[in-house]
>>> print(open('upload-v3.cif').read())   # mmCIF, C-alpha atoms and all ligand atoms
data_input
#
loop_
_atom_site.label_atom_id
_atom_site.label_comp_id
_atom_site.auth_asym_id
_atom_site.auth_seq_id
_atom_site.Cartn_x
_atom_site.Cartn_y
_atom_site.Cartn_z
CA MET A 224 24.35 28.95 -12.86
CA LYS A 225 26.58 25.89 -13.07
CA LYS A 226 28.98 24.92 -10.29
CA ILE A 227 32.48 26.39 -10.02
CA LEU A 228 35.51 24.16 -10.08
CA GLN A 229 37.69 26.77 -8.35
CA ASP A 230 35.51 26.36 -5.26
CA LEU A 231 37.11 22.95 -4.67
CA PRO A 232 40.34 22.44 -2.77
CA TYR A 233 42.81 20.07 -4.42
CA GLY A 234 41.48 17.08 -2.46
CA GLY A 235 37.95 17.88 -3.61
CA LEU A 236 39.10 18.00 -7.21
CA GLU A 237 40.73 14.58 -6.81
CA ASN A 238 37.51 13.11 -5.43
CA LEU A 239 35.57 14.60 -8.32
CA ILE A 240 37.97 13.15 -10.88
CA LEU A 241 37.85 9.70 -9.26
CA SER A 242 34.05 9.84 -9.13
CA LEU A 243 34.05 10.46 -12.88
CA GLY A 244 36.03 7.24 -13.34
CA GLU A 245 39.24 9.03 -14.30
CA LYS A 246 42.78 8.45 -13.11
CA LYS A 247 44.03 10.50 -10.18
CA PHE A 248 46.79 12.27 -12.14
CA ARG A 249 44.11 14.01 -14.20
CA ALA A 250 43.27 16.02 -11.08
CA LYS A 251 46.77 17.43 -11.07
CA GLN A 252 46.59 18.39 -14.74
CA LEU A 253 43.28 20.07 -14.17
CA TYR A 254 44.39 21.87 -11.01
CA ASP A 255 47.60 23.12 -12.66
CA GLY A 256 45.58 24.50 -15.55
CA LEU A 257 43.08 26.23 -13.29
CA MET A 258 45.83 27.76 -11.19
CA ARG A 259 47.30 29.20 -14.38
CA GLY A 260 44.00 30.98 -14.94
CA LYS A 261 42.89 28.73 -17.79
CA LYS A 262 39.33 27.89 -18.76
CA ILE A 263 38.31 24.23 -18.51
CA SER A 264 38.04 24.18 -22.31
CA GLU A 265 41.68 25.31 -22.62
CA ILE A 266 43.19 22.72 -20.31
CA ASN A 267 44.93 19.75 -21.82
CA ILE A 268 42.70 16.91 -20.59
CA SER A 269 40.89 14.15 -22.42
CA PRO A 270 37.90 15.32 -24.50
CA SER A 271 35.55 13.03 -22.59
CA LEU A 272 36.60 14.44 -19.22
CA ARG A 273 36.32 17.97 -20.55
CA GLU A 274 32.83 17.23 -21.82
CA SER A 275 31.59 15.78 -18.54
CA LEU A 276 33.09 18.66 -16.55
CA LEU A 277 31.57 21.30 -18.80
CA LYS A 278 28.11 19.79 -18.31
CA GLU A 279 28.22 20.69 -14.64
CA TYR A 280 30.88 23.36 -14.22
CA GLU A 281 31.35 26.90 -15.52
CA ASP A 282 34.04 27.09 -18.17
CA GLU A 283 35.00 30.60 -17.11
CA PRO A 284 33.51 31.76 -13.79
CA ILE A 285 35.02 35.21 -14.19
CA LYS A 286 35.88 37.18 -17.30
CA ILE A 287 37.72 40.48 -17.42
CA ILE A 288 35.51 42.64 -19.64
CA LYS A 289 37.22 46.00 -19.26
CA THR A 290 40.63 47.23 -18.14
CA LEU A 291 41.41 50.81 -17.17
CA THR A 292 45.00 51.89 -16.68
CA SER A 293 45.91 54.84 -14.50
CA ALA A 294 48.79 57.21 -15.08
CA ASP A 295 50.44 55.72 -11.96
CA GLY A 296 50.31 52.18 -13.42
CA THR A 297 47.36 51.04 -11.35
CA GLU A 298 44.93 48.90 -13.31
CA LYS A 299 41.29 48.47 -12.62
CA TYR A 300 39.19 45.67 -14.04
CA LEU A 301 35.51 45.18 -14.52
CA MET A 302 34.78 41.48 -14.34
CA ARG A 303 31.66 39.59 -15.34
CA LEU A 304 30.52 36.60 -13.29
CA ALA A 305 28.82 33.63 -14.91
CA ASP A 306 25.37 34.92 -13.88
CA GLY A 307 26.05 38.30 -15.49
CA ASN A 308 26.77 40.19 -12.29
CA ILE A 309 29.61 42.71 -12.44
CA ILE A 310 32.40 43.16 -9.91
CA GLU A 311 35.64 45.09 -9.89
CA SER A 312 39.21 44.45 -8.87
CA VAL A 313 42.36 46.58 -8.78
CA PHE A 314 46.03 45.82 -9.46
CA MET A 315 48.63 48.09 -7.86
CA ARG A 316 52.38 48.08 -8.43
CA TYR A 317 54.69 48.64 -5.48
CA ASN A 318 58.43 48.26 -5.01
CA TYR A 319 58.03 45.01 -3.10
CA GLY A 320 55.59 43.42 -5.52
CA ASN A 321 52.13 43.73 -6.93
CA THR A 322 49.02 43.92 -4.83
CA GLN A 323 45.60 42.93 -6.03
CA CYS A 324 42.52 44.30 -4.34
CA VAL A 325 39.67 41.78 -4.62
CA SER A 326 35.92 42.03 -4.13
CA THR A 327 34.19 39.58 -1.80
CA GLN A 328 30.55 40.41 -2.54
CA VAL A 329 28.49 41.86 -5.36
CA GLY A 330 27.55 45.15 -3.71
CA CYS A 331 27.50 45.45 0.07
CA ARG A 332 24.90 45.89 2.79
CA MET A 333 26.98 47.77 5.34
CA GLY A 334 25.75 51.20 4.19
CA CYS A 335 28.87 53.30 4.90
CA LYS A 336 28.07 56.86 3.78
CA PHE A 337 31.36 57.47 1.96
CA CYS A 338 31.43 54.26 -0.04
CA ALA A 339 30.16 53.61 -3.57
CA SER A 340 30.03 49.81 -3.19
CA THR A 341 27.03 49.92 -0.94
CA LEU A 342 24.92 52.30 -3.06
CA GLY A 343 22.72 49.52 -4.46
CA GLY A 344 22.87 47.27 -1.40
CA LEU A 345 24.01 43.65 -1.40
CA VAL A 346 23.25 41.62 -4.52
CA ARG A 347 24.94 38.38 -3.47
CA ASN A 348 27.99 36.83 -1.88
CA LEU A 349 30.86 35.67 -4.05
CA SER A 350 31.79 32.02 -3.66
CA SER A 351 35.32 31.14 -2.57
CA GLY A 352 36.08 30.02 -6.12
CA GLU A 353 34.87 33.27 -7.62
CA ILE A 354 37.18 35.27 -5.34
CA LEU A 355 40.04 32.92 -6.23
CA ALA A 356 39.19 33.26 -9.92
CA GLU A 357 39.63 37.06 -9.60
CA VAL A 358 43.23 36.43 -8.56
CA LEU A 359 43.90 33.69 -11.10
CA ALA A 360 42.51 35.83 -13.93
CA VAL A 361 44.62 38.87 -13.06
CA ASN A 362 47.75 36.78 -12.44
CA ALA A 363 47.33 35.23 -15.88
CA PHE A 364 46.49 38.60 -17.44
CA HIS A 365 49.95 39.79 -16.33
CA GLY A 366 51.67 36.69 -17.63
CA GLY A 367 52.16 35.28 -14.15
CA SER A 368 52.27 31.57 -13.47
CA VAL A 369 52.27 29.47 -10.34
CA GLU A 370 56.08 29.45 -10.19
CA LYS A 371 56.45 33.13 -10.93
CA ARG A 372 53.49 35.06 -9.64
CA ALA A 373 52.50 38.45 -11.03
CA VAL A 374 50.19 38.92 -8.07
CA THR A 375 52.27 38.71 -4.88
CA ASN A 376 49.99 40.36 -2.33
CA ILE A 377 46.25 40.49 -1.87
CA VAL A 378 44.01 42.92 -0.03
CA LEU A 379 40.36 42.11 0.60
CA MET A 380 39.36 45.72 0.17
CA GLY A 381 37.25 45.68 -2.95
CA SER A 382 33.48 45.72 -2.90
CA GLY A 383 31.83 43.88 -0.06
CA GLU A 384 32.39 43.19 3.60
CA PRO A 385 34.57 40.06 3.86
CA LEU A 386 33.36 39.12 7.32
CA ASP A 387 29.74 39.31 6.10
CA ASN A 388 30.65 36.43 3.74
CA TYR A 389 32.73 34.57 6.28
CA GLU A 390 32.65 30.92 5.16
CA ASN A 391 33.43 31.71 1.54
CA VAL A 392 36.20 34.13 2.45
CA ILE A 393 37.82 31.52 4.70
CA GLY A 394 37.52 28.96 1.87
CA PHE A 395 39.21 31.45 -0.44
CA LEU A 396 42.04 32.15 2.03
CA LYS A 397 42.70 28.43 2.40
CA ASN A 398 42.68 27.77 -1.33
CA VAL A 399 44.73 30.79 -2.36
CA SER A 400 47.42 29.91 0.20
CA ALA A 401 47.43 26.15 -0.45
CA GLU A 402 50.77 24.61 -1.34
CA GLY A 403 50.78 23.39 -4.90
CA GLY A 404 48.35 26.13 -5.88
CA ILE A 405 49.08 29.80 -6.45
CA ASN A 406 50.28 29.67 -2.84
CA ILE A 407 50.12 33.27 -1.67
CA SER A 408 50.98 33.30 2.02
CA PRO A 409 48.41 34.64 4.51
CA ARG A 410 51.17 37.01 5.64
CA ASN A 411 50.91 38.68 2.26
CA ILE A 412 47.15 39.00 2.53
CA SER A 413 45.23 41.78 4.31
CA LEU A 414 41.60 41.46 5.27
CA SER A 415 39.77 44.72 5.82
CA THR A 416 36.56 44.89 7.82
CA CYS A 417 34.20 47.59 9.04
CA GLY A 418 34.28 45.68 12.33
CA ILE A 419 31.99 42.65 12.64
CA ILE A 420 33.26 41.74 16.09
CA PRO A 421 32.27 38.06 16.56
CA LYS A 422 33.83 37.20 13.22
CA ILE A 423 37.11 38.86 14.19
CA TYR A 424 37.27 36.44 17.12
CA ASP A 425 36.46 33.54 14.77
CA LEU A 426 39.16 34.64 12.33
CA ALA A 427 41.76 34.60 15.11
CA GLU A 428 41.11 30.86 15.52
CA GLU A 429 41.47 29.85 11.86
CA GLY A 430 45.24 29.43 11.78
CA LEU A 431 45.36 31.78 8.80
CA PRO A 432 47.46 34.70 10.06
CA VAL A 433 46.31 37.34 7.59
CA ASN A 434 46.88 41.01 8.35
CA LEU A 435 43.80 42.39 10.04
CA THR A 436 42.73 45.85 8.93
CA ILE A 437 39.87 47.71 10.55
CA SER A 438 38.04 50.61 8.96
CA LEU A 439 37.93 52.95 11.92
CA HIS A 440 37.43 56.44 10.42
CA ASN A 441 36.54 58.00 13.76
CA PRO A 442 37.70 57.52 17.37
CA THR A 443 34.26 57.81 19.00
CA ASP A 444 31.13 55.68 18.71
CA GLU A 445 28.89 58.66 17.94
CA GLY A 446 31.28 60.04 15.35
CA ARG A 447 31.70 56.65 13.73
CA ALA A 448 27.97 56.06 13.63
CA ARG A 449 27.49 59.20 11.54
CA THR A 450 29.11 57.54 8.54
CA MET A 451 29.13 53.82 9.46
CA PRO A 452 25.88 52.11 10.48
CA ILE A 453 27.83 49.14 11.91
CA ALA A 454 29.01 51.46 14.71
CA LYS A 455 25.48 51.34 16.17
CA LYS A 456 25.98 47.63 16.73
CA TYR A 457 29.59 47.38 17.88
CA SER A 458 31.58 49.91 19.88
CA VAL A 459 35.13 51.14 19.35
CA ALA A 460 36.00 49.56 22.73
CA GLU A 461 34.81 46.18 21.44
CA ILE A 462 36.85 46.63 18.28
CA LEU A 463 40.01 47.24 20.31
CA LYS A 464 39.39 44.17 22.47
CA ALA A 465 38.87 42.00 19.40
CA CYS A 466 42.05 43.42 17.81
CA ASP A 467 44.10 42.77 20.94
CA ASN A 468 42.83 39.20 20.97
CA TYR A 469 43.79 38.87 17.29
CA PHE A 470 47.28 40.09 18.11
CA LYS A 471 47.55 37.67 21.04
CA LYS A 472 46.47 34.71 18.90
CA THR A 473 48.36 35.47 15.69
CA GLY A 474 51.25 37.75 16.68
CA ARG A 475 50.21 40.06 13.85
CA ARG A 476 49.96 43.76 14.57
CA TYR A 477 46.76 45.27 13.25
CA ILE A 478 46.07 48.23 11.02
CA PHE A 479 43.44 50.93 11.11
CA GLU A 480 42.15 52.50 7.93
CA TYR A 481 41.25 56.12 8.44
CA SER A 482 39.77 57.97 5.47
CA LEU A 483 40.06 61.71 5.99
CA ILE A 484 36.74 63.48 5.46
CA ALA A 485 36.51 67.28 5.67
CA ASN A 486 34.75 68.63 8.78
CA GLU A 487 34.06 65.09 9.92
CA ASN A 488 36.98 63.23 11.43
CA CYS A 489 40.29 65.05 11.22
CA ASP A 490 40.57 68.01 13.53
CA LYS A 491 42.79 68.33 16.60
CA ASP A 492 40.21 66.82 18.89
CA HIS A 493 39.99 63.65 16.74
CA ALA A 494 43.77 63.35 16.76
CA GLU A 495 43.87 63.62 20.55
CA LYS A 496 41.17 61.03 20.98
CA LEU A 497 42.94 58.67 18.58
CA ILE A 498 46.18 59.10 20.50
CA SER A 499 44.65 58.30 23.87
CA LEU A 500 42.81 55.34 22.33
CA LEU A 501 45.71 53.77 20.45
CA LYS A 502 48.95 54.84 22.10
CA GLY A 503 51.12 51.83 22.93
CA LYS A 504 48.96 49.41 20.94
CA PRO A 505 50.60 47.12 18.36
CA CYS A 506 48.93 48.94 15.51
CA HIS A 507 49.54 51.18 12.54
CA ILE A 508 47.23 53.80 11.07
CA ASN A 509 46.77 54.22 7.35
CA LEU A 510 45.45 57.64 6.51
CA ILE A 511 43.86 58.10 3.13
CA ARG A 512 42.24 61.18 1.72
CA LEU A 513 38.61 60.43 0.95
CA ASN A 514 37.97 59.58 -2.67
CA GLU A 515 34.94 61.68 -3.36
CA VAL A 516 31.98 59.70 -4.61
CA GLU A 517 29.61 61.52 -6.95
CA GLU A 518 26.48 60.23 -5.24
CA ARG A 519 27.67 61.27 -1.78
CA SER A 520 28.00 64.75 -0.33
CA LEU A 521 31.12 64.09 1.80
CA LYS A 522 34.20 66.08 0.86
CA THR A 523 37.86 65.20 0.98
CA VAL A 524 40.67 67.17 2.64
CA THR A 525 43.66 68.94 1.10
CA GLU A 526 47.06 67.29 1.09
CA LYS A 527 48.20 69.90 3.58
CA GLN A 528 45.40 69.04 6.00
CA ALA A 529 46.25 65.37 5.66
CA TYR A 530 49.90 66.02 6.56
CA GLN A 531 48.86 68.21 9.47
CA PHE A 532 46.72 65.42 10.86
CA LEU A 533 49.53 62.93 10.33
CA GLY A 534 51.88 65.27 12.20
CA LEU A 535 49.55 65.39 15.20
CA LEU A 536 49.32 61.60 15.36
CA GLU A 537 53.07 61.17 15.05
CA LYS A 538 53.72 63.77 17.71
CA GLY A 539 51.41 61.79 19.97
CA GLY A 540 53.52 58.67 19.45
CA LEU A 541 51.35 56.80 16.95
CA SER A 542 52.69 54.95 13.95
CA ALA A 543 50.89 56.33 10.93
CA THR A 544 51.37 56.95 7.22
CA ILE A 545 49.42 58.59 4.46
CA ARG A 546 48.56 55.93 1.96
CA ARG A 547 49.11 56.99 -1.59
CA SER A 548 45.74 57.15 -3.18
CA MET A 549 46.21 55.14 -6.35
CA GLY A 550 44.24 55.18 -9.51
CA ASN A 551 42.17 58.25 -8.71
CA ASP A 552 41.91 59.02 -12.39
CA ILE A 553 40.26 55.64 -13.03
CA ALA A 554 37.55 55.66 -10.35
CA GLY A 555 39.86 54.10 -7.78
CA ALA A 556 37.49 54.14 -4.81
CA CYS A 557 35.52 51.09 -3.81
CA GLY A 558 32.68 50.36 -6.12
CA GLN A 559 32.96 53.51 -8.19
CA LEU A 560 33.69 51.74 -11.44
CA ARG A 561 30.94 49.17 -11.01
CA ALA A 562 28.48 51.92 -10.03
CA SER A 563 29.30 53.94 -13.14
CA HIS A 564 29.14 50.83 -15.34
CA LEU A 565 25.69 49.93 -13.98
CA LYS A 566 24.51 53.49 -14.55
CA GLU A 567 25.77 53.47 -18.14
CA THR A 568 24.18 50.15 -18.95
CA ASN A 569 20.86 51.18 -17.39
CA ASP A 570 20.71 54.43 -19.33
N1 LIG A 601 34.12 46.29 3.81
C1 LIG A 601 35.52 46.33 4.13
C2 LIG A 601 36.45 46.35 2.93
C3 LIG A 601 36.10 47.21 1.74
S1 LIG A 601 36.40 48.92 1.75
C4 LIG A 601 35.81 47.47 5.08
O1 LIG A 601 34.90 48.19 5.42
O2 LIG A 601 36.95 47.59 5.52
C5 LIG A 601 38.13 49.19 1.82
C6 LIG A 601 38.48 50.49 2.53
O3 LIG A 601 38.17 51.64 1.73
C7 LIG A 601 37.72 50.67 3.83
O4 LIG A 601 38.59 51.18 4.80
C8 LIG A 601 36.67 51.68 3.44
O5 LIG A 601 36.15 52.31 4.57
C9 LIG A 601 37.44 52.57 2.51
N2 LIG A 601 36.64 53.39 1.61
C10 LIG A 601 35.46 53.11 1.04
N3 LIG A 601 35.05 54.11 0.26
C11 LIG A 601 36.02 55.05 0.31
C12 LIG A 601 36.19 56.33 -0.28
N4 LIG A 601 35.27 56.82 -1.09
N5 LIG A 601 37.32 57.02 0.00
C13 LIG A 601 38.26 56.50 0.81
N6 LIG A 601 38.16 55.31 1.40
C14 LIG A 601 37.05 54.59 1.17
#
>>> encode(input="upload-v3.cif", output="structure tokens", more="lines below")
Ligand code: SAH
Amino acid sequence: MKKILQDLPYGGLENLILSLGEKKFRAKQLYDGLMRGKKISEINISPSLRESLLKEYEDEPIKIIKTLTSADGTEKYLMRLADGNIIESVFMRYNYGNTQCVSTQVGCRMGCKFCASTLGGLVRNLSSGEILAEVLAVNAFHGGSVEKRAVTNIVLMGSGEPLDNYENVIGFLKNVSAEGGINISPRNISLSTCGIIPKIYDLAEEGLPVNLTISLHNPTDEGRARTMPIAKKYSVAEILKACDNYFKKTGRRYIFEYSLIANENCDKDHAEKLISLLKGKPCHINLIRLNEVEERSLKTVTEKQAYQFLGLLEKGGLSATIRRSMGNDIAGACGQLRASHLKETND
């Protein structure tokens, strides 16, 4: 695979251009084109520069190969990387703007029992430029530019565990929020993790105040470990300490994702444990009904059960909401679309 130009920050692009014997302003032309989601071959630069870049760099590191549109307006994309690997990304419309859910790895090695992304294990990390290219491609797909963005918010909740690909994810966060680029503020970005504790402490020191989201799914270590192998390594108590430190360092309240799984994590006892664990903490809980995954036996709950559980949490003084599950009709859950695509192409 060739190198990826979107991996470079603006300064790196300038150095590259100078090293190729070109004038500095060419870097700006190139950068502007890339930020508009263009291929190298489409950007208005001299033919000789284009030729030397294309010798070493991918013309199109990511290509949208399939788009599925849900009845609720959510769009899901299958994207092909330059080495042929497939990832997926989702575009959701809200009143305040449009949120894109990006993947950070091809596959995942965290092994959560409810998740389709991890079914085939980890294939490889995405580079920072590949993650950025997901955003640039979808922004351009919706006619967005740098001045008027179609993608206004980002969640790192697609396939992969962002903190298992730490350096590249940090590179992405810096580049996607750089002034002069697509410039999406860290405040409009949420990073979701299953809870890799040391990296949560590292993230608090980066000066990139993204919203921290933790996939909790159960208030106890034993309960969590039933569906999330990471819980055998790090305890709920350690998660809370790391979150409190994150709040202290960034001033950002944190969010817990809690996917409701029948007979697993949403009876009265779970609600009580959650309340004693989280009461008074600067946090919010996002409840979501499990998206059932064909290959997994776990079952979702009814809407009524979800509202009952919400009621218990609210009565106990917690701030919680039921997140609308978007794009269910288009394999909305993590990794479902990629998994079904791989199955089809292997058949
Ligand atoms: N690896 C990261 C981010 C990707 S998953 C993490 O673990 O947070 C994004 C969210 O979707 C996580 O909260 C994850 O636990 C949840 N999730 C995965 N599969 C799901 C499913 N089938 N139904 C509901 N939520 C799911």
>>> axis_aligned_box(input="upload-v3.cif", around="ligand LIG 601 (chain A)", padding_each_side="6 Å", output="lines of an AutoDock Vina configuration file")
center_x = 36.4
center_y = 51.7
center_z = 2.2
size_x = 16.5
size_y = 22.7
size_z = 18.6
>>> residues_near_ligand(input="upload-v3.cif", ligand="ligand LIG 601 (chain A)", cutoff="7 Å", atoms="all atoms listed in the file", output="PDB file with C-alpha atoms, keeping the file's coordinate frame")
ATOM      1  CA  PHE A 337      31.360  57.470   1.960  1.00  0.00           C
ATOM      2  CA  CYS A 338      31.430  54.260  -0.040  1.00  0.00           C
ATOM      3  CA  ALA A 339      30.160  53.610  -3.570  1.00  0.00           C
ATOM      4  CA  LEU A 379      40.360  42.110   0.600  1.00  0.00           C
ATOM      5  CA  MET A 380      39.360  45.720   0.170  1.00  0.00           C
ATOM      6  CA  GLY A 381      37.250  45.680  -2.950  1.00  0.00           C
ATOM      7  CA  SER A 382      33.480  45.720  -2.900  1.00  0.00           C
ATOM      8  CA  GLY A 383      31.830  43.880  -0.060  1.00  0.00           C
ATOM      9  CA  GLU A 384      32.390  43.190   3.600  1.00  0.00           C
ATOM     10  CA  PRO A 385      34.570  40.060   3.860  1.00  0.00           C
ATOM     11  CA  SER A 415      39.770  44.720   5.820  1.00  0.00           C
ATOM     12  CA  THR A 416      36.560  44.890   7.820  1.00  0.00           C
ATOM     13  CA  CYS A 417      34.200  47.590   9.040  1.00  0.00           C
ATOM     14  CA  THR A 436      42.730  45.850   8.930  1.00  0.00           C
ATOM     15  CA  ILE A 437      39.870  47.710  10.550  1.00  0.00           C
ATOM     16  CA  SER A 438      38.040  50.610   8.960  1.00  0.00           C
ATOM     17  CA  GLU A 480      42.150  52.500   7.930  1.00  0.00           C
ATOM     18  CA  TYR A 481      41.250  56.120   8.440  1.00  0.00           C
ATOM     19  CA  SER A 482      39.770  57.970   5.470  1.00  0.00           C
ATOM     20  CA  ILE A 511      43.860  58.100   3.130  1.00  0.00           C
ATOM     21  CA  ARG A 512      42.240  61.180   1.720  1.00  0.00           C
ATOM     22  CA  LEU A 513      38.610  60.430   0.950  1.00  0.00           C
ATOM     23  CA  ASN A 514      37.970  59.580  -2.670  1.00  0.00           C
ATOM     24  CA  GLU A 515      34.940  61.680  -3.360  1.00  0.00           C
ATOM     25  CA  VAL A 516      31.980  59.700  -4.610  1.00  0.00           C
ATOM     26  CA  ALA A 556      37.490  54.140  -4.810  1.00  0.00           C
ATOM     27  CA  CYS A 557      35.520  51.090  -3.810  1.00  0.00           C
TER      28      CYS A 557
END
>>> closest_residue(input="upload-v3.cif", among="A:Ser350, A:Ala427, A:Met451, A:Glu298", to="Arg332 in chain A", atoms="only C-alpha atoms")
A:Met451
>>> atom_distance(input="upload-v3.cif", atom1="CA of Gly430 in chain A", atom2="CA of Pro442 in chain A")
29.6 Å
>>> atom_distance(input="upload-v3.cif", atom1="CA of Asn509 in chain A", atom2="CA of Asn406 in chain A")
26.8 Å
>>> residues_around(input="upload-v3.cif", residues="range 358-367 of chain A", least_positions_apart="3", cutoff="7 Å", atoms="all atoms listed in the file", output="PyMOL selection string")
chain A and resi 258-260+354-355+371-374
>>> closest_residue(input="upload-v3.cif", among="A:Ala454, A:Leu560, A:Ile419, A:Leu349", to="Val392 in chain A", atoms="only C-alpha atoms")
A:Leu349
>>> atom_distance(input="upload-v3.cif", atom1="CA of Leu231 in chain A", atom2="CA of Leu243 in chain A")
15.3 Å
>>> residues_around(input="upload-v3.cif", residues="Leu277 in chain A", least_positions_apart="2", cutoff="12 Å", atoms="only C-alpha atoms", output="PDB file with C-alpha atoms, in the frame of the given file")
ATOM      1  CA  LYS A 225      26.580  25.890 -13.070  1.00  0.00           C
ATOM      2  CA  LYS A 226      28.980  24.920 -10.290  1.00  0.00           C
ATOM      3  CA  ILE A 227      32.480  26.390 -10.020  1.00  0.00           C
ATOM      4  CA  LEU A 228      35.510  24.160 -10.080  1.00  0.00           C
ATOM      5  CA  LYS A 262      39.330  27.890 -18.760  1.00  0.00           C
ATOM      6  CA  ILE A 263      38.310  24.230 -18.510  1.00  0.00           C
ATOM      7  CA  SER A 264      38.040  24.180 -22.310  1.00  0.00           C
ATOM      8  CA  GLU A 265      41.680  25.310 -22.620  1.00  0.00           C
ATOM      9  CA  ILE A 266      43.190  22.720 -20.310  1.00  0.00           C
ATOM     10  CA  PRO A 270      37.900  15.320 -24.500  1.00  0.00           C
ATOM     11  CA  SER A 271      35.550  13.030 -22.590  1.00  0.00           C
ATOM     12  CA  LEU A 272      36.600  14.440 -19.220  1.00  0.00           C
ATOM     13  CA  ARG A 273      36.320  17.970 -20.550  1.00  0.00           C
ATOM     14  CA  GLU A 274      32.830  17.230 -21.820  1.00  0.00           C
ATOM     15  CA  SER A 275      31.590  15.780 -18.540  1.00  0.00           C
ATOM     16  CA  GLU A 279      28.220  20.690 -14.640  1.00  0.00           C
ATOM     17  CA  TYR A 280      30.880  23.360 -14.220  1.00  0.00           C
ATOM     18  CA  GLU A 281      31.350  26.900 -15.520  1.00  0.00           C
ATOM     19  CA  ASP A 282      34.040  27.090 -18.170  1.00  0.00           C
ATOM     20  CA  GLU A 283      35.000  30.600 -17.110  1.00  0.00           C
ATOM     21  CA  PRO A 284      33.510  31.760 -13.790  1.00  0.00           C
TER      22      PRO A 284
END
>>> closest_residue(input="upload-v3.cif", among="A:Ile268, A:Met315, A:Val346, A:Cys506", to="Lys299 in chain A", atoms="only C-alpha atoms")
A:Met315
>>> closest_residue(input="upload-v3.cif", among="A:Val313, A:Ile453, A:Ile478, A:Leu396", to="Ser351 in chain A", atoms="all atoms listed in the file")
A:Leu396
